file coords_6.tsv (TSV, C-alpha atoms (C1' of nucleotides) and all ligand atoms)
chain	number	residue	atom	x	y	z
A	1	MET	CA	0.00	0.00	0.00
A	2	GLY	CA	3.00	2.29	-0.33
A	3	ASP	CA	1.62	3.02	-3.73
A	4	GLU	CA	-0.25	6.06	-2.50
A	5	VAL	CA	2.84	7.43	-0.82
A	6	GLN	CA	4.65	7.35	-4.13
A	7	ILE	CA	1.83	9.01	-6.04
A	8	PHE	CA	1.46	11.69	-3.42
A	9	GLU	CA	5.18	12.36	-3.31
A	10	ASP	CA	5.33	12.68	-7.09
A	11	TYR	CA	2.42	15.08	-7.08
A	12	LEU	CA	3.99	17.20	-4.38
A	13	LYS	CA	7.37	17.28	-6.09
A	14	LYS	CA	5.75	18.36	-9.33
A	15	HIS	CA	4.29	21.33	-7.49
A	16	ALA	CA	7.39	22.20	-5.48
A	17	LEU	CA	5.81	20.99	-2.27
A	18	HIS	CA	7.25	18.71	0.39
A	19	LEU	CA	6.13	15.44	1.88
A	20	THR	CA	6.44	16.53	5.49
A	21	GLY	CA	5.85	14.67	8.72
A	22	PRO	CA	2.28	15.79	9.35
A	23	ARG	CA	1.33	15.11	5.74
A	24	GLU	CA	2.72	11.62	5.89
A	25	THR	CA	0.97	10.98	9.18
A	26	VAL	CA	-2.34	11.93	7.62
A	27	LEU	CA	-1.64	9.91	4.50
A	28	ARG	CA	-0.79	6.77	6.44
A	29	SER	CA	-3.79	7.10	8.67
A	30	ILE	CA	-6.13	7.43	5.72
A	31	PHE	CA	-4.75	4.60	3.64
A	32	GLY	CA	-4.20	2.39	6.63
A	33	THR	CA	-7.85	1.91	7.43
A	34	HIS	CA	-10.76	4.20	6.80
A	35	GLU	CA	-13.18	3.69	4.03
A	36	HIS	CA	-15.80	6.42	4.20
A	37	PHE	CA	-14.73	9.03	6.70
A	38	THR	CA	-15.17	12.68	7.56
A	39	ALA	CA	-12.48	15.23	8.38
A	40	ASP	CA	-13.69	15.28	11.95
A	41	GLU	CA	-13.38	11.54	12.35
A	42	LEU	CA	-9.90	11.64	10.89
A	43	ILE	CA	-8.80	14.41	13.25
A	44	ALA	CA	-10.17	12.51	16.24
A	45	HIS	CA	-8.53	9.32	15.04
A	46	LEU	CA	-5.14	11.00	14.77
A	47	GLN	CA	-5.61	12.48	18.20
A	48	ARG	CA	-6.40	9.12	19.76
A	49	ALA	CA	-3.48	7.52	17.93
A	50	GLY	CA	-1.13	9.90	19.68
A	51	THR	CA	-0.13	11.59	16.43
A	52	PRO	CA	-2.25	14.74	16.46
A	53	VAL	CA	-2.25	16.97	13.43
A	54	SER	CA	-3.89	20.37	13.45
A	55	LYS	CA	-7.28	20.86	11.89
A	56	ALA	CA	-5.85	23.27	9.33
A	57	THR	CA	-3.22	20.84	8.18
A	58	VAL	CA	-5.66	17.97	7.97
A	59	TYR	CA	-8.00	19.98	5.76
A	60	ARG	CA	-5.11	21.18	3.64
A	61	THR	CA	-3.87	17.63	3.18
A	62	LEU	CA	-7.33	16.37	2.30
A	63	SER	CA	-7.48	19.00	-0.42
A	64	LEU	CA	-4.13	17.95	-1.80
A	65	LEU	CA	-5.12	14.30	-1.81
A	66	SER	CA	-8.33	15.13	-3.63
A	67	GLU	CA	-6.43	17.19	-6.18
A	68	CYS	CA	-4.12	14.34	-7.02
A	69	ASN	CA	-7.04	11.93	-7.25
A	70	LEU	CA	-6.14	9.73	-4.32
A	71	LEU	CA	-9.32	10.70	-2.53
A	72	ILE	CA	-12.86	11.36	-3.61
A	73	GLU	CA	-15.22	13.71	-1.84
A	74	HIS	CA	-18.86	12.91	-1.24
A	75	ASP	CA	-21.66	15.02	0.10
A	76	PHE	CA	-24.80	13.47	1.49
A	77	GLY	CA	-26.38	16.76	2.42
A	78	GLN	CA	-25.37	16.54	6.07
A	79	GLY	CA	-23.37	19.73	5.93
A	80	LYS	CA	-20.06	17.90	5.98
A	81	LYS	CA	-17.98	16.05	3.47
A	82	TYR	CA	-17.19	12.37	3.37
A	83	TYR	CA	-14.00	11.07	1.81
A	84	GLU	CA	-13.03	7.71	0.44
A	85	HIS	CA	-10.10	6.10	-1.32
A	86	ALA	CA	-10.28	6.71	-5.03
A	87	SER	CA	-8.40	3.53	-5.86
A	88	GLU	CA	-11.18	1.01	-5.24
A	89	LEU	CA	-13.93	0.05	-7.62
A	90	GLN	CA	-14.42	3.07	-9.77
A	91	HIS	CA	-17.52	5.20	-10.02
A	92	HIS	CA	-19.70	3.23	-7.68
A	93	GLY	CA	-22.90	4.70	-6.38
A	94	HIS	CA	-23.87	5.18	-2.74
A	95	LEU	CA	-26.80	4.27	-0.60
A	96	TYR	CA	-27.26	6.47	2.44
A	97	CYS	CA	-29.52	5.48	5.31
A	98	SER	CA	-31.32	8.63	6.41
A	99	ASP	CA	-32.01	7.04	9.79
A	100	CYS	CA	-28.60	5.84	10.94
A	101	GLY	CA	-26.17	7.29	8.40
A	102	ARG	CA	-24.95	3.92	7.22
A	103	ILE	CA	-23.37	4.00	3.79
A	104	ALA	CA	-23.53	1.11	1.35
A	105	GLU	CA	-22.29	0.89	-2.21
A	106	PHE	CA	-23.37	-0.54	-5.53
A	107	TYR	CA	-21.93	-0.74	-8.96
A	108	ASP	CA	-23.43	-1.04	-12.39
A	109	PRO	CA	-21.35	-0.23	-15.46
A	110	ARG	CA	-24.44	0.72	-17.42
A	111	LEU	CA	-25.03	3.64	-15.08
A	112	ASN	CA	-21.78	5.27	-16.08
A	113	ALA	CA	-22.35	4.87	-19.77
A	114	MET	CA	-25.81	6.36	-19.48
A	115	GLN	CA	-24.58	9.31	-17.52
A	116	GLU	CA	-21.80	10.05	-19.94
A	117	LYS	CA	-24.28	10.07	-22.81
A	118	LEU	CA	-26.87	12.19	-20.99
A	119	ALA	CA	-24.27	14.79	-20.06
A	120	ARG	CA	-23.05	15.13	-23.64
A	121	GLN	CA	-26.61	15.53	-24.82
A	122	GLU	CA	-26.89	18.63	-22.66
A	123	GLY	CA	-23.62	20.01	-23.95
A	124	PHE	CA	-21.77	19.23	-20.73
A	125	GLU	CA	-18.30	17.87	-20.55
A	126	PRO	CA	-18.63	15.47	-17.62
A	127	VAL	CA	-15.87	15.17	-15.07
A	128	SER	CA	-17.40	13.07	-12.34
A	129	PHE	CA	-20.63	11.33	-11.49
A	130	ALA	CA	-22.45	10.93	-8.23
A	131	VAL	CA	-25.38	8.61	-7.85
A	132	LYS	CA	-26.92	8.66	-4.43
A	133	ILE	CA	-29.90	6.82	-3.14
A	134	TYR	CA	-31.43	7.88	0.15
A	135	GLY	CA	-33.60	5.56	2.08
A	136	ARG	CA	-33.65	3.13	4.95
A	137	CYS	CA	-31.20	0.31	5.45
A	138	ALA	CA	-32.40	-3.21	6.27
A	139	ASP	CA	-31.76	-2.78	9.99
A	140	CYS	CA	-33.56	0.50	10.29
A	141	ALA	CA	-36.44	-0.76	8.18
A	142	ALA	CA	-36.83	-3.72	10.54
A	143	LYS	CA	-36.62	-1.46	13.57
A	144	GLN	CA	-39.30	0.75	12.07
A	145	ALA	CA	-41.55	-2.21	11.32
A	146	ARG	CA	-41.26	-3.42	14.90
A	147	ARG	CA	-42.07	0.05	16.18
A	148	ASP	CA	-45.12	0.25	13.93
A	149	SER	CA	-46.61	-3.06	15.02
A	150	GLY	CA	-45.94	-2.85	18.73
A	151	ALA	CA	-46.57	0.28	20.82
A	152	VAL	CA	-49.80	1.30	19.17
A	153	SER	CA	-49.89	3.96	21.84
B	154	MET	CA	-50.78	27.76	-9.58
B	155	GLY	CA	-52.94	28.03	-6.48
B	156	ASP	CA	-52.57	24.31	-6.34
B	157	GLU	CA	-49.58	24.56	-4.05
B	158	VAL	CA	-51.41	26.88	-1.69
B	159	GLN	CA	-54.11	24.27	-1.31
B	160	ILE	CA	-51.70	21.42	-0.70
B	161	PHE	CA	-49.72	23.45	1.80
B	162	GLU	CA	-52.84	24.55	3.63
B	163	ASP	CA	-54.07	20.97	3.87
B	164	TYR	CA	-50.75	19.81	5.20
B	165	LEU	CA	-50.68	22.57	7.80
B	166	LYS	CA	-54.23	21.91	8.90
B	167	LYS	CA	-53.49	18.24	9.30
B	168	HIS	CA	-50.72	19.14	11.72
B	169	ALA	CA	-52.60	21.84	13.60
B	170	LEU	CA	-50.52	24.58	12.02
B	171	HIS	CA	-51.65	27.80	10.39
B	172	LEU	CA	-51.12	29.32	6.98
B	173	THR	CA	-49.94	32.69	8.23
B	174	GLY	CA	-48.94	35.83	6.39
B	175	PRO	CA	-45.17	35.21	6.34
B	176	ARG	CA	-45.69	31.62	5.25
B	177	GLU	CA	-47.94	32.63	2.42
B	178	THR	CA	-45.48	35.32	1.34
B	179	VAL	CA	-42.71	32.74	1.14
B	180	LEU	CA	-44.94	30.25	-0.65
B	181	ARG	CA	-46.02	32.75	-3.29
B	182	SER	CA	-42.51	33.94	-3.89
B	183	ILE	CA	-41.25	30.41	-4.43
B	184	PHE	CA	-44.00	29.22	-6.71
B	185	GLY	CA	-44.20	32.50	-8.54
B	186	THR	CA	-40.82	32.26	-10.15
B	187	HIS	CA	-37.70	30.51	-8.94
B	188	GLU	CA	-36.58	27.21	-10.28
B	189	HIS	CA	-33.36	26.23	-8.52
B	190	PHE	CA	-32.73	28.59	-5.65
B	191	THR	CA	-30.97	28.80	-2.31
B	192	ALA	CA	-32.36	30.04	1.00
B	193	ASP	CA	-30.11	33.06	0.75
B	194	GLU	CA	-31.38	34.01	-2.66
B	195	LEU	CA	-34.94	33.65	-1.49
B	196	ILE	CA	-34.36	35.84	1.55
B	197	ALA	CA	-32.73	38.52	-0.60
B	198	HIS	CA	-35.53	38.30	-3.12
B	199	LEU	CA	-38.18	38.80	-0.45
B	200	GLN	CA	-36.22	41.73	0.91
B	201	ARG	CA	-36.03	43.42	-2.48
B	202	ALA	CA	-39.70	42.75	-3.12
B	203	GLY	CA	-40.56	44.78	-0.05
B	204	THR	CA	-41.97	41.76	1.78
B	205	PRO	CA	-39.12	40.78	4.07
B	206	VAL	CA	-39.42	37.61	6.10
B	207	SER	CA	-36.95	36.70	8.79
B	208	LYS	CA	-34.24	34.16	8.12
B	209	ALA	CA	-35.62	31.84	10.78
B	210	THR	CA	-39.10	31.85	9.31
B	211	VAL	CA	-37.82	31.32	5.78
B	212	TYR	CA	-35.83	28.27	6.87
B	213	ARG	CA	-38.75	26.97	8.88
B	214	THR	CA	-41.07	27.35	5.92
B	215	LEU	CA	-38.61	25.68	3.57
B	216	SER	CA	-38.56	22.71	5.95
B	217	LEU	CA	-42.32	22.52	5.98
B	218	LEU	CA	-42.52	22.70	2.20
B	219	SER	CA	-39.98	19.91	1.91
B	220	GLU	CA	-41.87	17.81	4.40
B	221	CYS	CA	-45.07	18.05	2.42
B	222	ASN	CA	-43.24	17.28	-0.80
B	223	LEU	CA	-43.77	20.60	-2.50
B	224	LEU	CA	-40.05	21.24	-2.57
B	225	ILE	CA	-37.02	19.08	-3.12
B	226	GLU	CA	-33.62	19.77	-1.61
B	227	HIS	CA	-30.39	19.36	-3.52
B	228	ASP	CA	-26.82	19.52	-2.39
B	229	PHE	CA	-24.04	20.10	-4.85
B	230	GLY	CA	-21.31	20.10	-2.24
B	231	GLN	CA	-21.14	23.89	-2.05
B	232	GLY	CA	-22.02	23.94	1.61
B	233	LYS	CA	-25.53	25.19	0.99
B	234	LYS	CA	-28.75	23.67	-0.16
B	235	TYR	CA	-30.59	24.30	-3.37
B	236	TYR	CA	-34.35	23.91	-3.61
B	237	GLU	CA	-36.66	23.33	-6.52
B	238	HIS	CA	-40.33	22.75	-7.13
B	239	ALA	CA	-41.18	19.11	-6.72
B	240	SER	CA	-44.12	19.26	-9.10
B	241	GLU	CA	-42.20	19.32	-12.41
B	242	LEU	CA	-40.80	16.33	-14.21
B	243	GLN	CA	-40.11	13.81	-11.52
B	244	HIS	CA	-36.80	12.35	-10.55
B	245	HIS	CA	-34.67	14.17	-13.05
B	246	GLY	CA	-30.92	14.27	-12.68
B	247	HIS	CA	-28.74	17.34	-12.47
B	248	LEU	CA	-25.70	18.60	-14.24
B	249	TYR	CA	-23.66	21.07	-12.26
B	250	CYS	CA	-21.00	23.22	-13.89
B	251	SER	CA	-18.07	23.33	-11.49
B	252	ASP	CA	-16.86	26.53	-13.17
B	253	CYS	CA	-19.90	28.78	-13.16
B	254	GLY	CA	-22.45	26.93	-11.03
B	255	ARG	CA	-24.96	26.60	-13.84
B	256	ILE	CA	-27.46	23.82	-13.32
B	257	ALA	CA	-28.97	21.81	-16.14
B	258	GLU	CA	-31.29	18.83	-16.01
B	259	PHE	CA	-31.83	15.56	-17.75
B	260	TYR	CA	-34.28	12.75	-17.52
B	261	ASP	CA	-34.15	9.10	-18.36
B	262	PRO	CA	-36.75	6.71	-16.97
B	263	ARG	CA	-34.34	3.80	-17.13
B	264	LEU	CA	-32.15	5.46	-14.52
B	265	ASN	CA	-34.90	5.33	-11.94
B	266	ALA	CA	-35.73	1.71	-12.58
B	267	MET	CA	-32.08	0.76	-12.27
B	268	GLN	CA	-31.66	2.63	-9.04
B	269	GLU	CA	-34.73	1.08	-7.51
B	270	LYS	CA	-33.42	-2.36	-8.33
B	271	LEU	CA	-29.89	-1.69	-7.12
B	272	ALA	CA	-31.13	-0.33	-3.82
B	273	ARG	CA	-33.28	-3.38	-3.15
B	274	GLN	CA	-30.36	-5.64	-3.93
B	275	GLU	CA	-28.46	-4.05	-1.06
B	276	GLY	CA	-31.42	-4.42	1.26
B	277	PHE	CA	-32.26	-0.74	1.17
B	278	GLU	CA	-35.72	0.66	1.01
B	279	PRO	CA	-35.18	3.60	-1.32
B	280	VAL	CA	-36.92	6.89	-0.67
B	281	SER	CA	-35.29	9.26	-3.10
B	282	PHE	CA	-32.64	9.30	-5.77
B	283	ALA	CA	-30.06	11.89	-6.67
B	284	VAL	CA	-28.01	11.63	-9.81
B	285	LYS	CA	-25.51	14.42	-10.22
B	286	ILE	CA	-22.98	14.96	-12.91
B	287	TYR	CA	-20.24	17.48	-12.32
B	288	GLY	CA	-18.36	18.94	-15.21
B	289	ARG	CA	-18.15	21.93	-17.47
B	290	CYS	CA	-21.05	23.47	-19.33
B	291	ALA	CA	-20.76	24.28	-23.04
B	292	ASP	CA	-19.99	27.95	-22.38
B	293	CYS	CA	-17.28	27.30	-19.83
B	294	ALA	CA	-15.77	24.59	-22.01
B	295	ALA	CA	-15.56	27.05	-24.90
B	296	LYS	CA	-14.07	29.72	-22.66
B	297	GLN	CA	-11.50	27.22	-21.47
B	298	ALA	CA	-10.62	26.20	-25.02
B	299	ARG	CA	-10.08	29.83	-25.99
B	300	ARG	CA	-7.87	30.37	-22.97
B	301	ASP	CA	-5.84	27.30	-23.81
B	302	SER	CA	-5.12	28.28	-27.43
B	303	GLY	CA	-4.46	32.00	-26.93
B	304	ALA	CA	-2.32	33.41	-24.12
B	305	VAL	CA	0.39	30.78	-24.15
B	306	SER	CA	2.01	32.95	-21.54
C	307	DG	C1'	-66.58	39.36	21.76
C	308	DT	C1'	-63.49	37.71	25.13
C	309	DT	C1'	-60.14	34.50	26.42
C	310	DG	C1'	-56.43	31.29	26.74
C	311	DA	C1'	-53.68	27.46	24.89
C	312	DG	C1'	-50.75	26.94	21.70
C	313	DA	C1'	-48.78	28.32	17.28
C	314	DC	C1'	-45.86	31.97	15.14
C	315	DT	C1'	-42.53	35.50	14.55
C	316	DG	C1'	-38.14	38.15	14.33
C	317	DA	C1'	-33.83	39.41	16.40
C	318	DG	C1'	-30.00	37.79	17.42
C	319	DA	C1'	-27.21	34.27	19.90
C	320	DC	C1'	-25.37	30.04	18.73
C	321	DT	C1'	-23.33	25.85	16.21
C	322	DG	C1'	-20.26	23.41	13.43
C	323	DA	C1'	-17.74	22.59	9.18
C	324	DG	C1'	-14.44	24.54	6.83
C	325	DT	C1'	-11.14	28.58	5.67
C	326	DC	C1'	-7.86	32.12	6.61
C	327	DT	C1'	-4.10	34.63	9.03
C	328	DC	C1'	0.19	35.00	10.85
C	329	DA	C1'	4.24	34.38	13.51
C	330	DA	C1'	7.34	30.74	14.36
C	331	DT	C1'	9.47	26.53	12.27
C	332	DT	C1'	11.06	23.40	8.79
C	333	DT	C1'	12.75	22.08	4.25
C	334	DC	C1'	16.04	21.82	0.74
C	335	DA	C1'	18.54	23.59	-3.28
C	336	DG	C1'	22.56	26.03	-3.87
D	337	DC	C1'	25.68	26.22	6.09
D	338	DT	C1'	22.12	29.69	4.41
D	339	DG	C1'	18.12	31.84	2.93
D	340	DA	C1'	13.98	31.77	0.02
D	341	DA	C1'	9.99	29.32	-0.01
D	342	DA	C1'	7.02	26.04	1.99
D	343	DT	C1'	4.75	24.45	6.28
D	344	DT	C1'	2.76	24.39	10.63
D	345	DG	C1'	-0.63	25.10	14.57
D	346	DA	C1'	-3.47	28.16	17.19
D	347	DG	C1'	-7.11	30.48	16.94
D	348	DA	C1'	-9.82	34.09	14.59
D	349	DC	C1'	-13.07	34.07	11.13
D	350	DT	C1'	-16.93	32.89	7.69
D	351	DC	C1'	-21.19	31.39	6.54
D	352	DA	C1'	-25.24	28.31	6.23
D	353	DG	C1'	-28.28	26.81	9.11
D	354	DT	C1'	-30.44	26.15	13.93
D	355	DC	C1'	-32.04	27.53	18.39
D	356	DT	C1'	-33.91	30.59	22.00
D	357	DC	C1'	-37.10	33.49	23.81
D	358	DA	C1'	-40.05	37.21	24.65
D	359	DG	C1'	-43.68	39.36	22.40
D	360	DT	C1'	-47.60	38.53	18.96
D	361	DC	C1'	-51.17	36.23	16.57
D	362	DT	C1'	-54.80	32.56	15.71
D	363	DC	C1'	-58.77	30.20	16.54
D	364	DA	C1'	-61.87	27.35	18.85
D	365	DA	C1'	-64.43	27.45	23.01
D	366	DC	C1'	-67.05	29.88	25.80
E	401	ZN	ZN	-29.96	2.57	8.93
E	402	ZN	ZN	-17.88	4.52	-1.66
E	403	ZN	ZN	-20.30	26.86	-16.72
E	404	ZN	ZN	-33.95	20.29	-11.13
call {"tool": "encode", "arguments": {"input": "coords_6.tsv", "output": "structure tokens", "more": "lines below"}}
Ligand SMILES: [Zn+2]
Ligand SMILES: [Zn+2]
Ligand SMILES: [Zn+2]
Ligand SMILES: [Zn+2]
result
Amino acid sequence: MGDEVQIFEDYLKKHALHLTGPRETVLRSIFGTHEHFTADELIAHLQRAGTPVSKATVYRTLSLLSECNLLIEHDFGQGKKYYEHASELQHHGHLYCSDCGRIAEFYDPRLNAMQEKLARQEGFEPVSFAVKIYGRCADCAAKQARRDSGAVS
Amino acid sequence: MGDEVQIFEDYLKKHALHLTGPRETVLRSIFGTHEHFTADELIAHLQRAGTPVSKATVYRTLSLLSECNLLIEHDFGQGKKYYEHASELQHHGHLYCSDCGRIAEFYDPRLNAMQEKLARQEGFEPVSFAVKIYGRCADCAAKQARRDSGAVS
DNA sequence: GTTGAGACTGAGACTGAGTCTCAATTTCAG
DNA sequence: CTGAAATTGAGACTCAGTCTCAGTCTCAAC
């Protein structure tokens, strides 16, 4: 998984920037574990790990990683951004449980082709796609069903 | 277009709420013109129109209108929400120009069917879909092309 | 027509994610 | 080494959106 380190370093060098300690700390933390995470979670995680990095630096590093396509940003309308590794399965869509915030994924190659075509039809030059489905995950649906049947109040 | 007034009034009555002056002002402003708008734009518009409504009330009314499905919220990752009339063509997707913020729309019934199916496959009970394509609109693409050819710096 | 419970309102305090500033520190090419 | 340029963290700041609360309005019941 040192792949990302190399890519990041190349990107930085190309822009006369340095791979410093804090940046590497952030990089390793991100590509060591997390799948879908928020800046806040990452900051807390670094704190707990005993390698704190300031909020400003974390945000700056997240921007850099997005710029060099190692990370992808997602917005589920919660007023904060989610990030995920860009490497994995490309262009998958997301399911977001409005009840518990759980995130699931799906993939269908036809979706991408359709989107590309639809964008061109409108004269747009597409750069990225985002398919999001909001609803209730299996657990929360079951919980809701139980609540509906019992406790008729 | 008094249709919306009726629906809103019914919804309010059902919840023991009242269709008050400020609420009606907001309602009429929204369904009189705007297509994709933000809370800020709406507040400014009401101000200019000489019928100011407080920020708090505007937000509260936007929530109510979303709850009764007269409005749909959209988030393009700009840290603020966009709203649009729910009545129009249902479930259309959006194209967002990352350069100028222009919003275009597209519609393909197959997209909805696919999403429904994919959600169920993951055990989700879908409530709403959001397909967003980010890229460059025709104008901005042309502008970019011009910039690239001329001014080689 | 009064009245009172409860809904409504606006002003402004507050929140929270994300950005910006700036002085002190670190990096690295020369 | 040295110094120009990049980097950092602390905390001030921004800005959309929410919350609070005292004063106001609504309406159904008298
Ligand atoms: Zn859930
Ligand atoms: Zn994902
Ligand atoms: Zn544009
Ligand atoms: Zn639309």
call {"tool": "residues_near_ligand", "arguments": {"input": "coords_6.tsv", "ligand": "ligand ZN 403 (chain E)", "cutoff": "8 Å", "atoms": "all atoms listed in the file", "output": "MDAnalysis selection string"}}
result
chainID B and resid 250:255 289:294
call {"tool": "residues_around", "arguments": {"input": "coords_6.tsv", "residues": "Phe229 (chain B)", "least_positions_apart": "4", "cutoff": "12 Å", "atoms": "only C-alpha atoms (C1' of nucleotides)", "output": "PyMOL selection string"}}
result
(chain A and resi 73-81+129-132) or (chain B and resi 189+191+233-236+246-251+254-256+283-288)
call {"tool": "interface_residues", "arguments": {"input": "coords_6.tsv", "of": "chain B", "to": "chain D", "cutoff": "12 Å", "atoms": "all atoms listed in the file", "output": "JSON, numbers by chain"}}
result
{"B": [169, 170, 171, 172, 173, 174, 175, 191, 192, 193, 208, 209, 210, 211, 212, 213, 215, 216, 231, 232, 233, 234, 235]}
call {"tool": "interface_residues", "arguments": {"input": "coords_6.tsv", "of": "chain C", "to": "chain B", "cutoff": "9 Å", "atoms": "all atoms listed in the file", "output": "list in words"}}
result
DA313, DC314, DT315, DG316, DA317 and DA323 of chain C
call {"tool": "atom_distance", "arguments": {"input": "coords_6.tsv", "atom1": "CA of Arg263 (chain B)", "atom2": "CA of Asn112 (chain A)"}}
result
12.7 Å
call {"tool": "closest_residue", "arguments": {"input": "coords_6.tsv", "among": "A:Ala86, A:Met114, A:Ala119, A:Ala142", "to": "ligand ZN 402 (chain E)", "atoms": "only C-alpha atoms and all ligand atoms"}}
result
A:Ala86
call {"tool": "atom_distance", "arguments": {"input": "coords_6.tsv", "atom1": "CA of His245 (chain B)", "atom2": "CA of Phe259 (chain B)"}}
result
5.7 Å
call {"tool": "atom_distance", "arguments": {"input": "coords_6.tsv", "atom1": "CA of Gln268 (chain B)", "atom2": "CA of Pro109 (chain A)"}}
result
12.5 Å
call {"tool": "residues_around", "arguments": {"input": "coords_6.tsv", "residues": "His15 (chain A)", "least_positions_apart": "3", "cutoff": "12 Å", "atoms": "all atoms listed in the file", "output": "ChimeraX atom specification"}}
result
/A:8-12,18-19,64,67-68 /D:342
call {"tool": "closest_residue", "arguments": {"input": "coords_6.tsv", "among": "B:Glu177, B:Glu237, B:Glu194, B:Glu269", "to": "chain A", "atoms": "all atoms listed in the file"}}
result
B:Glu269
